[in-house]
Amino acid sequence: MPVNLKQLAELLGLSQTTVSRALNGYPEVNAKTRQRVLKAVRETGYRPNRAAQRLATGKAYSIGLVMPIASGIGSDIHFGEFLAGLAEEAVKHDFHFVLNPSAPEDEEATFRRLAASGNVDALFLAHMRANDPRIAILKSLSIPFVVHGRSIGGPKDYPFLDIDNTAAFYDATRLLIQLGHRRIALINGQEHLAFAIRRKKGVTRALKEWGLDLDETLVHHSVMTDEYGYRSMQRFLKQPDPPTAVLCSSTALALGAVRAINQAGLTVGTDISIIAHDDVLPMLKPENFSVPLTTTRSSLRAAGARVASRLIGGILDRGAYPDQELWRAELIVRASTGPASAKKINSRKRV
């Protein structure tokens with residue numbers, strides 16, 4: 001049977017107060033003592049009494065999330081990967097999640113109820129939209145929060161962690177232009193989401209610097225699954241003047257796009273170049289594609305862990321953290337990008 005606090009303290013020859021302070025990260029407990037306590041916790045299976053802890057500290061040791069539930073909203077492997085990173089960090093500090101399902105139109109009331117419940121110490125927000133009204137709601141509540149992503153328009157003074165999506169797709173597009181590509185397609189995330197808006201902006205900016213325009217017939221927005229990547233690529237390849245290169249907002253989209261390219265009798269990297277954004281999904285490694293994918297890379301799991309460490313660190317008063325973080329994605333060049341073919345693409349075999 002797991003021991004209680006009193007038994008753990010007796011086992012270590014320490015006071016219950018010292019053990020409690022060591023577990024809660026108080027700076028007056030030296031590192032050697034804290035390591036002794038943590039080692040004993042692992043060996044004995046000790047778990048703190050949450051009710052007693054809450055009475056003593058006023059903390060719930062929980063992070064809150066509002067999960068949108070509605071017809072047409074399916075599971076998302078990308079968000080699952082982010083949650084995995086969040087969970088890994090939460091487990092280290094024995095924090096819990098409180099997931100509150102909500103219809104999108106009821107999110108404001110759900111956030112307010114969750115914040116007022118006392119069941120969570122902090123909230124985090126994801127799936128950012130343009131002019132996202134949820135930021136103003138969270139700013140009005142007396143509870144810490146961190147946003148994964150950034151809105152477009154509206155308040156700017158809120159805590160966030162995001163990647164520089166505009167720069168990532170600007171760099172990727174510039175690489176394709178330097179390789180001679182002029183007909184560049186974009187298979188993007190849903191049109192209302194802020195990251196997708198910024199990625200399209202990066203493509204447009206790079207093209208404009210070379211006196212080129214983004215052809216809207218070569219842009220498709222959708223949920224990021226291989227099925228939609230396949231459908232989008234099929235549609236592009238049926239055009240009278242199909243693209244010589246394509247940018248995908250995820251490796252899931254790229255998986256479907258590659259399937260469509262192969263079925264058309266074309267070769268990735270030779271007949272048509274492809275670059276995908278790599279969220280470092282464990283089941284979709286770009287280097288394991290039949291032709292290894294060139295990618296813009298930023299780990300969703302690492303982002304989840306960082307958001308959790310910021311929230312938990314703030315709750316436990318463990319040092320200062322930057323209020324706003326903008327991560328730069330890494331451009332990794334592999335075999336899926338090559339020079340634009342001198343042969344006209346409409347002379348190739350197409351679906």
# chains A, B, ... in the order shown; residues from 1 in each chain; ligands from 1

$ residues_around --residues "range 85-97 of chain A" --least-positions-apart "5" --cutoff "8 Å" --atoms "only C-alpha atoms" --output "list of chain:residue names"
A:Tyr61, A:Ser62, A:Ile63, A:Gly64, A:Leu65, A:Leu300, A:Arg301, A:Ala302, A:Ala303, A:Gly304, A:Ala305, A:Arg306, A:Val307, A:Ala308, A:Ser309, A:Ile312

$ write_last_selection --atoms "N, CA and C atoms" --output "PDB file, in the first residue's frame"
ATOM      1  N   TYR A  61      -3.846  21.999  -8.348  1.00  0.00           N
ATOM      2  CA  TYR A  61      -2.845  21.219  -9.075  1.00  0.00           C
ATOM      3  C   TYR A  61      -3.439  20.610 -10.349  1.00  0.00           C
ATOM      4  N   SER A  62      -4.178  21.443 -11.060  1.00  0.00           N
ATOM      5  CA  SER A  62      -4.819  21.011 -12.292  1.00  0.00           C
ATOM      6  C   SER A  62      -4.772  22.136 -13.326  1.00  0.00           C
ATOM      7  N   ILE A  63      -4.722  21.735 -14.593  1.00  0.00           N
ATOM      8  CA  ILE A  63      -4.746  22.659 -15.726  1.00  0.00           C
ATOM      9  C   ILE A  63      -6.024  22.399 -16.509  1.00  0.00           C
ATOM     10  N   GLY A  64      -6.701  23.466 -16.893  1.00  0.00           N
ATOM     11  CA  GLY A  64      -7.981  23.330 -17.571  1.00  0.00           C
ATOM     12  C   GLY A  64      -7.906  23.522 -19.072  1.00  0.00           C
ATOM     13  N   LEU A  65      -8.713  22.756 -19.782  1.00  0.00           N
ATOM     14  CA  LEU A  65      -8.817  22.837 -21.237  1.00  0.00           C
ATOM     15  C   LEU A  65     -10.273  22.735 -21.631  1.00  0.00           C
ATOM     16  N   LEU A 300       5.465  19.694 -32.039  1.00  0.00           N
ATOM     17  CA  LEU A 300       4.259  19.976 -31.266  1.00  0.00           C
ATOM     18  C   LEU A 300       4.380  19.443 -29.844  1.00  0.00           C
ATOM     19  N   ARG A 301       5.019  18.291 -29.691  1.00  0.00           N
ATOM     20  CA  ARG A 301       5.183  17.719 -28.348  1.00  0.00           C
ATOM     21  C   ARG A 301       6.039  18.637 -27.479  1.00  0.00           C
ATOM     22  N   ALA A 302       7.106  19.186 -28.061  1.00  0.00           N
ATOM     23  CA  ALA A 302       7.953  20.124 -27.315  1.00  0.00           C
ATOM     24  C   ALA A 302       7.170  21.375 -26.941  1.00  0.00           C
ATOM     25  N   ALA A 303       6.289  21.825 -27.848  1.00  0.00           N
ATOM     26  CA  ALA A 303       5.463  22.995 -27.552  1.00  0.00           C
ATOM     27  C   ALA A 303       4.515  22.707 -26.395  1.00  0.00           C
ATOM     28  N   GLY A 304       3.909  21.516 -26.394  1.00  0.00           N
ATOM     29  CA  GLY A 304       3.022  21.137 -25.304  1.00  0.00           C
ATOM     30  C   GLY A 304       3.742  21.103 -23.972  1.00  0.00           C
ATOM     31  N   ALA A 305       4.954  20.531 -23.970  1.00  0.00           N
ATOM     32  CA  ALA A 305       5.735  20.470 -22.743  1.00  0.00           C
ATOM     33  C   ALA A 305       6.104  21.866 -22.254  1.00  0.00           C
ATOM     34  N   ARG A 306       6.422  22.753 -23.195  1.00  0.00           N
ATOM     35  CA  ARG A 306       6.798  24.114 -22.801  1.00  0.00           C
ATOM     36  C   ARG A 306       5.613  24.885 -22.217  1.00  0.00           C
ATOM     37  N   VAL A 307       4.444  24.740 -22.820  1.00  0.00           N
ATOM     38  CA  VAL A 307       3.250  25.394 -22.282  1.00  0.00           C
ATOM     39  C   VAL A 307       2.973  24.887 -20.872  1.00  0.00           C
ATOM     40  N   ALA A 308       3.084  23.567 -20.672  1.00  0.00           N
ATOM     41  CA  ALA A 308       2.854  23.003 -19.341  1.00  0.00           C
ATOM     42  C   ALA A 308       3.865  23.517 -18.330  1.00  0.00           C
ATOM     43  N   SER A 309       5.141  23.580 -18.716  1.00  0.00           N
ATOM     44  CA  SER A 309       6.164  24.043 -17.773  1.00  0.00           C
ATOM     45  C   SER A 309       5.936  25.505 -17.405  1.00  0.00           C
ATOM     46  N   ILE A 312       2.725  25.476 -15.033  1.00  0.00           N
ATOM     47  CA  ILE A 312       3.023  24.875 -13.733  1.00  0.00           C
ATOM     48  C   ILE A 312       4.038  25.711 -12.971  1.00  0.00           C
TER      49      ILE A 312
END

$ select_by_dssp --residues "range 221-310 of chain A" --states "alpha helix (DSSP H)" --output "PyMOL selection string"
chain A and resi 226-237+251-263+300-310

$ residues_around --residues "Thr295 in chain A" --least-positions-apart "6" --cutoff "6 Å" --atoms "only C-alpha atoms" --output "ChimeraX atom specification"
/A:275-278,331-332

$ write_last_selection --atoms "N, CA, C and O atoms" --output "PDB file, in the first residue's frame"
ATOM      1  N   ILE A 275       7.133  20.195 -50.219  1.00  0.00           N
ATOM      2  CA  ILE A 275       7.633  20.557 -48.892  1.00  0.00           C
ATOM      3  C   ILE A 275       6.452  20.494 -47.935  1.00  0.00           C
ATOM      4  O   ILE A 275       5.355  20.978 -48.254  1.00  0.00           O
ATOM      5  N   ALA A 276       6.655  19.905 -46.756  1.00  0.00           N
ATOM      6  CA  ALA A 276       5.595  19.800 -45.758  1.00  0.00           C
ATOM      7  C   ALA A 276       6.052  20.407 -44.444  1.00  0.00           C
ATOM      8  O   ALA A 276       7.254  20.484 -44.170  1.00  0.00           O
ATOM      9  N   HIS A 277       5.090  20.833 -43.643  1.00  0.00           N
ATOM     10  CA  HIS A 277       5.438  21.212 -42.276  1.00  0.00           C
ATOM     11  C   HIS A 277       5.431  19.959 -41.422  1.00  0.00           C
ATOM     12  O   HIS A 277       4.469  19.187 -41.426  1.00  0.00           O
ATOM     13  N   ASP A 278       6.506  19.766 -40.684  1.00  0.00           N
ATOM     14  CA  ASP A 278       6.683  18.578 -39.849  1.00  0.00           C
ATOM     15  C   ASP A 278       6.481  18.952 -38.387  1.00  0.00           C
ATOM     16  O   ASP A 278       7.295  19.658 -37.796  1.00  0.00           O
ATOM     17  N   LEU A 331      14.230  24.671 -41.470  1.00  0.00           N
ATOM     18  CA  LEU A 331      14.041  24.162 -42.824  1.00  0.00           C
ATOM     19  C   LEU A 331      15.047  23.041 -43.066  1.00  0.00           C
ATOM     20  O   LEU A 331      16.263  23.259 -43.016  1.00  0.00           O
ATOM     21  N   ILE A 332      14.547  21.843 -43.305  1.00  0.00           N
ATOM     22  CA  ILE A 332      15.397  20.659 -43.518  1.00  0.00           C
ATOM     23  C   ILE A 332      15.196  20.174 -44.947  1.00  0.00           C
ATOM     24  O   ILE A 332      14.096  19.748 -45.322  1.00  0.00           O
TER      25      ILE A 332
END

$ select_by_dssp --residues "range 261-347 of chain A" --states "strand (DSSP E)" --output "MDAnalysis selection string"
chainID A and resid 273:278 294:297 324:327 330:332

$ write_last_selection --atoms "N, CA and C atoms" --output "mmCIF file, in the first residue's frame"
data_model
loop_
_atom_site.group_PDB
_atom_site.id
_atom_site.type_symbol
_atom_site.label_atom_id
_atom_site.label_comp_id
_atom_site.auth_asym_id
_atom_site.auth_seq_id
_atom_site.Cartn_x
_atom_site.Cartn_y
_atom_site.Cartn_z
ATOM 1 N N SER A 273 7.993 18.890 -56.955
ATOM 2 C CA SER A 273 8.630 19.018 -55.642
ATOM 3 C C SER A 273 7.562 19.213 -54.572
ATOM 4 N N ILE A 274 7.894 18.781 -53.350
ATOM 5 C CA ILE A 274 6.947 18.899 -52.253
ATOM 6 C C ILE A 274 7.687 19.244 -50.958
ATOM 7 N N ILE A 275 7.133 20.195 -50.219
ATOM 8 C CA ILE A 275 7.633 20.557 -48.892
ATOM 9 C C ILE A 275 6.452 20.494 -47.935
ATOM 10 N N ALA A 276 6.655 19.905 -46.756
ATOM 11 C CA ALA A 276 5.595 19.800 -45.758
ATOM 12 C C ALA A 276 6.052 20.407 -44.444
ATOM 13 N N HIS A 277 5.090 20.833 -43.643
ATOM 14 C CA HIS A 277 5.438 21.212 -42.276
ATOM 15 C C HIS A 277 5.431 19.959 -41.422
ATOM 16 N N ASP A 278 6.506 19.766 -40.684
ATOM 17 C CA ASP A 278 6.683 18.578 -39.849
ATOM 18 C C ASP A 278 6.481 18.952 -38.387
ATOM 19 N N THR A 294 11.357 17.146 -47.786
ATOM 20 C CA THR A 294 11.866 18.428 -47.288
ATOM 21 C C THR A 294 10.790 19.014 -46.377
ATOM 22 N N THR A 295 11.197 19.536 -45.224
ATOM 23 C CA THR A 295 10.200 20.013 -44.263
ATOM 24 C C THR A 295 10.631 21.306 -43.565
ATOM 25 N N THR A 296 9.619 22.007 -43.086
ATOM 26 C CA THR A 296 9.819 23.013 -42.042
ATOM 27 C C THR A 296 9.444 22.303 -40.744
ATOM 28 N N ARG A 297 10.327 22.334 -39.763
ATOM 29 C CA ARG A 297 10.188 21.429 -38.613
ATOM 30 C C ARG A 297 10.067 22.181 -37.298
ATOM 31 N N GLN A 324 5.831 35.911 -23.835
ATOM 32 C CA GLN A 324 5.533 35.582 -25.224
ATOM 33 C C GLN A 324 6.748 34.944 -25.879
ATOM 34 N N GLU A 325 6.534 33.811 -26.537
ATOM 35 C CA GLU A 325 7.619 33.080 -27.198
ATOM 36 C C GLU A 325 7.224 32.797 -28.641
ATOM 37 N N LEU A 326 8.121 33.108 -29.560
ATOM 38 C CA LEU A 326 7.911 32.835 -30.979
ATOM 39 C C LEU A 326 9.070 31.982 -31.469
ATOM 40 N N TRP A 327 8.802 30.720 -31.726
ATOM 41 C CA TRP A 327 9.839 29.779 -32.137
ATOM 42 C C TRP A 327 10.018 29.821 -33.654
ATOM 43 N N GLU A 330 12.659 25.080 -38.358
ATOM 44 C CA GLU A 330 13.898 24.716 -39.056
ATOM 45 C C GLU A 330 13.564 24.162 -40.443
ATOM 46 N N LEU A 331 14.230 24.671 -41.470
ATOM 47 C CA LEU A 331 14.041 24.162 -42.824
ATOM 48 C C LEU A 331 15.047 23.041 -43.066
ATOM 49 N N ILE A 332 14.547 21.843 -43.305
ATOM 50 C CA ILE A 332 15.397 20.659 -43.518
ATOM 51 C C ILE A 332 15.196 20.174 -44.947
#

$ residues_around --residues "range 31-37 of chain A" --least-positions-apart "3" --cutoff "10 Å" --atoms "only C-alpha atoms" --output "list in words"
Leu8, Ala9, Leu11, Leu12, Leu14, Thr18, Val19, Ser20, Arg21, Ala22, Leu23, Asn24, Gly25, Tyr26, Pro27, Glu28, Ala40, Val41, Arg42 and Glu43 of chain A

$ write_last_selection --atoms "N, CA and C atoms" --output "tab-separated table (two decimals), in the first residue's frame"
chain	number	residue	atom	x	y	z
A	8	LEU	N	5.94	8.74	5.18
A	8	LEU	CA	7.08	9.11	4.34
A	8	LEU	C	8.08	9.95	5.13
A	9	ALA	N	7.58	10.89	5.92
A	9	ALA	CA	8.45	11.74	6.73
A	9	ALA	C	9.22	10.91	7.75
A	11	LEU	N	9.97	7.72	7.54
A	11	LEU	CA	10.94	6.90	6.79
A	11	LEU	C	12.21	7.67	6.49
A	12	LEU	N	12.06	8.95	6.18
A	12	LEU	CA	13.20	9.79	5.82
A	12	LEU	C	13.86	10.46	7.02
A	14	LEU	N	12.59	13.09	8.50
A	14	LEU	CA	12.36	14.52	8.30
A	14	LEU	C	10.98	14.89	8.84
A	18	THR	N	8.93	19.66	6.09
A	18	THR	CA	10.08	19.64	5.17
A	18	THR	C	9.78	18.80	3.94
A	19	VAL	N	9.15	17.63	4.16
A	19	VAL	CA	8.81	16.77	3.03
A	19	VAL	C	7.82	17.48	2.10
A	20	SER	N	6.82	18.11	2.68
A	20	SER	CA	5.82	18.82	1.88
A	20	SER	C	6.46	19.96	1.09
A	21	ARG	N	7.35	20.69	1.74
A	21	ARG	CA	8.01	21.80	1.05
A	21	ARG	C	8.92	21.29	-0.07
A	22	ALA	N	9.58	20.17	0.16
A	22	ALA	CA	10.44	19.58	-0.88
A	22	ALA	C	9.62	19.18	-2.10
A	23	LEU	N	8.45	18.59	-1.85
A	23	LEU	CA	7.59	18.15	-2.95
A	23	LEU	C	7.00	19.32	-3.72
A	24	ASN	N	6.82	20.44	-3.05
A	24	ASN	CA	6.21	21.60	-3.68
A	24	ASN	C	7.22	22.62	-4.19
A	25	GLY	N	8.52	22.25	-4.15
A	25	GLY	CA	9.53	23.07	-4.79
A	25	GLY	C	9.93	24.32	-4.05
A	26	TYR	N	9.74	24.37	-2.74
A	26	TYR	CA	10.13	25.56	-1.99
A	26	TYR	C	11.65	25.72	-2.03
A	27	PRO	N	12.16	26.92	-2.30
A	27	PRO	CA	13.59	27.13	-2.49
A	27	PRO	C	14.42	26.91	-1.22
A	28	GLU	N	13.81	27.01	-0.04
A	28	GLU	CA	14.59	26.84	1.19
A	28	GLU	C	14.99	25.39	1.45
A	40	ALA	N	12.48	8.72	-2.52
A	40	ALA	CA	11.59	7.95	-1.64
A	40	ALA	C	10.17	7.90	-2.19
A	41	VAL	N	9.73	8.98	-2.81
A	41	VAL	CA	8.41	9.01	-3.43
A	41	VAL	C	8.30	7.96	-4.52
A	42	ARG	N	9.34	7.89	-5.37
A	42	ARG	CA	9.33	6.90	-6.46
A	42	ARG	C	9.33	5.48	-5.91
A	43	GLU	N	10.09	5.25	-4.84
A	43	GLU	CA	10.22	3.90	-4.30
A	43	GLU	C	8.99	3.44	-3.52

$ residues_around --residues "Gly269 in chain A" --least-positions-apart "4" --cutoff "8 Å" --atoms "only C-alpha atoms" --output "JSON, numbers by chain"
{"A": [273, 274, 291, 335, 336, 337, 338]}

$ write_last_selection --atoms "N, CA, C and O atoms" --output "mmCIF file, in the first residue's frame"
data_model
loop_
_atom_site.group_PDB
_atom_site.id
_atom_site.type_symbol
_atom_site.label_atom_id
_atom_site.label_comp_id
_atom_site.auth_asym_id
_atom_site.auth_seq_id
_atom_site.Cartn_x
_atom_site.Cartn_y
_atom_site.Cartn_z
ATOM 1 N N SER A 273 7.993 18.890 -56.955
ATOM 2 C CA SER A 273 8.630 19.018 -55.642
ATOM 3 C C SER A 273 7.562 19.213 -54.572
ATOM 4 O O SER A 273 6.486 19.748 -54.826
ATOM 5 N N ILE A 274 7.894 18.781 -53.350
ATOM 6 C CA ILE A 274 6.947 18.899 -52.253
ATOM 7 C C ILE A 274 7.687 19.244 -50.958
ATOM 8 O O ILE A 274 8.763 18.687 -50.675
ATOM 9 N N VAL A 291 10.125 8.934 -50.887
ATOM 10 C CA VAL A 291 11.116 9.973 -51.180
ATOM 11 C C VAL A 291 11.129 10.884 -49.950
ATOM 12 O O VAL A 291 10.130 11.535 -49.657
ATOM 13 N N ALA A 335 15.166 14.888 -50.227
ATOM 14 C CA ALA A 335 15.110 14.553 -51.656
ATOM 15 C C ALA A 335 13.817 14.960 -52.350
ATOM 16 O O ALA A 335 13.724 14.861 -53.584
ATOM 17 N N SER A 336 12.795 15.413 -51.623
ATOM 18 C CA SER A 336 11.516 15.712 -52.268
ATOM 19 C C SER A 336 11.504 17.052 -52.993
ATOM 20 O O SER A 336 10.508 17.398 -53.639
ATOM 21 N N THR A 337 12.588 17.810 -52.906
ATOM 22 C CA THR A 337 12.675 19.074 -53.641
ATOM 23 C C THR A 337 13.826 19.017 -54.634
ATOM 24 O O THR A 337 14.936 18.604 -54.291
ATOM 25 N N GLY A 338 13.534 19.425 -55.857
ATOM 26 C CA GLY A 338 14.553 19.461 -56.897
ATOM 27 C C GLY A 338 14.246 20.562 -57.887
ATOM 28 O O GLY A 338 13.213 21.239 -57.790
#

$ residues_around --residues "Asn4 in chain A" --least-positions-apart "6" --cutoff "8 Å" --atoms "only C-alpha atoms" --output "list of chain:residue names"
A:Tyr46, A:Arg47, A:Pro48

$ residues_around --residues "range 222-224 of chain A" --least-positions-apart "5" --cutoff "6 Å" --atoms "only C-alpha atoms" --output "VMD selection string"
chain A and resid 189 to 190 253

$ atom_distance --atom1 "CA of Asn131 in chain A" --atom2 "CA of Met67 in chain A"
19.3 Å
